[in-house]
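This report refers to the structure that appears directly beneath it.
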Amino acid sequence: MGTRQCVNLPIIRCNAESCAATRPYPLRAWALPLAGLAVGAAFGVWSIASSYAAEPIDASGLAAYGALFGAAFGLLVGAIGSLGAYLARSFRRVRARNGVKEAPLEIQLPTDCGNAPRIGIVGDFAVQWARGDTEALAEWLADDVTWTRVGGATHSGVESAVDSVPPFAPQRVEVISIITHGRLASCDGYLEADGRRVDFSHALRFASTSKNAKIAAVRSYCIET
């Protein structure tokens with residue numbers, strides 16, 4: 001069976017690493033480094049200004065202060081780089097705990113799903129759910145979302161994505177059909193890995209009919225064989 005492509009769903013075959021590379025790094029991962037940079041720069045300027053106000057210095061003294069500030073700034077940038085690397089590793093560990101592994105993933109999507117804008121969102125939602133990418137799923141979920149796994153528990157809030165991912169990291173996922181109408185949408189398919197298979201169906205309700213509306217409710221049916 002050949003690769004099938006759906007309108008508005010350009011990613012057909014990828015692995016976890018290359019798919020993740022196409023998604024912007026989470027904004028909050030930069031918050032602490034940027035805050036450190038701002039505080040360090042402000043402290044350096046304040047130190048120089050305070051010293052100069054207390055005891056005026058000549059040009060050579062100012063140059064010395066500038067050199068010291070430059071060295072401190074360089075150390076700060078290095079620390080920010082190290083922190084960024086640590087955060088990147090932390091995100092990979094979190095994704096690994098939630099079933100996202102750096103392994104090839106074969107993705108197939110339907111060809112006859114039309115061109116409704118929301119179809120692309122639903123398709124991406126199904127694929128990211130199968131991959132266990134909770135960061136990506138959270139982008140589509142409303143803050144007060146409810147996620148019900150039929151036969152299981154109902155979870156509330158964006159954190160519900162963590163409790164609703166598949167029980168294993170798939171090697172293959174196929175989305176068989178995608179249907180949208182107004183605020184409602186659904187998709188079904190299956191995922192496989194090492195002899196295990198989960199057939200799934202997601203019924204989604206969006207917060208509004210706007211194309212940028214987030215998902216307000218999810219009802220998932222999953223059967224593992």
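Within each chain, counting starts at residue 1; across the structure tokens, chains are named A, B, ... in the order shown, with ligands numbered 1 upward in that order.
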For Ile178 in chain A: contacts at 9 Å, only C-alpha atoms, fewer than 5 positions along chain excluded, given as a list in words: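 The residues that qualify are Pro110, Cys113, Ile119, Val122, Gly123, Ala185, Ser186, Cys187 and Asp188 of chain A.
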Residue contacts of Ala207 in chain A (12 Å, only C-alpha atoms) excluding same-chain residues fewer than 5 positions away, as an NGL selection string: :A and (140-146 or 182-185 or 212-218)
Written file, previous selection with C-alpha atoms, as an mmCIF file, in the first residue's frame:
data_model
loop_
_atom_site.group_PDB
_atom_site.id
_atom_site.type_symbol
_atom_site.label_atom_id
_atom_site.label_comp_id
_atom_site.auth_asym_id
_atom_site.auth_seq_id
_atom_site.Cartn_x
_atom_site.Cartn_y
_atom_site.Cartn_z
ATOM 1 C CA TRP A 140 -4.816 22.223 20.651
ATOM 2 C CA LEU A 141 -6.522 21.787 24.058
ATOM 3 C CA ALA A 142 -8.589 24.422 25.855
ATOM 4 C CA ASP A 143 -7.590 25.140 29.450
ATOM 5 C CA ASP A 144 -10.806 23.559 30.756
ATOM 6 C CA VAL A 145 -10.840 20.612 28.349
ATOM 7 C CA THR A 146 -12.316 17.295 29.479
ATOM 8 C CA GLY A 182 -19.326 22.730 12.760
ATOM 9 C CA ARG A 183 -17.887 22.392 16.255
ATOM 10 C CA LEU A 184 -17.793 18.599 16.041
ATOM 11 C CA ALA A 185 -15.190 16.285 14.555
ATOM 12 C CA ASN A 212 -8.494 28.749 15.594
ATOM 13 C CA ALA A 213 -10.794 27.363 18.279
ATOM 14 C CA LYS A 214 -9.286 24.874 20.692
ATOM 15 C CA ILE A 215 -10.674 21.484 21.642
ATOM 16 C CA ALA A 216 -13.089 21.652 24.580
ATOM 17 C CA ALA A 217 -13.911 17.953 24.921
ATOM 18 C CA VAL A 218 -12.484 14.622 23.762
#
For Arg118 in chain A, the nearest of the candidates A:Thr209, A:Ser160, A:Gln171, A:Thr154, counting only C-alpha atoms: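 Checking each candidate against Arg118 in chain A, we get A:Thr209 as the closest.
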Top pick for closest residue to Phe206 in chain A, considering A:Val175, A:Leu109, A:Ile121, A:Ile80 and counting only C-alpha atoms: A:Ile121
Spatial neighbours of Arg219 in chain A, max dist 9 Å, only C-alpha atoms, sep filter under 6 positions, as a PyMOL selection string: chain A and resi 146-150+154+201-205
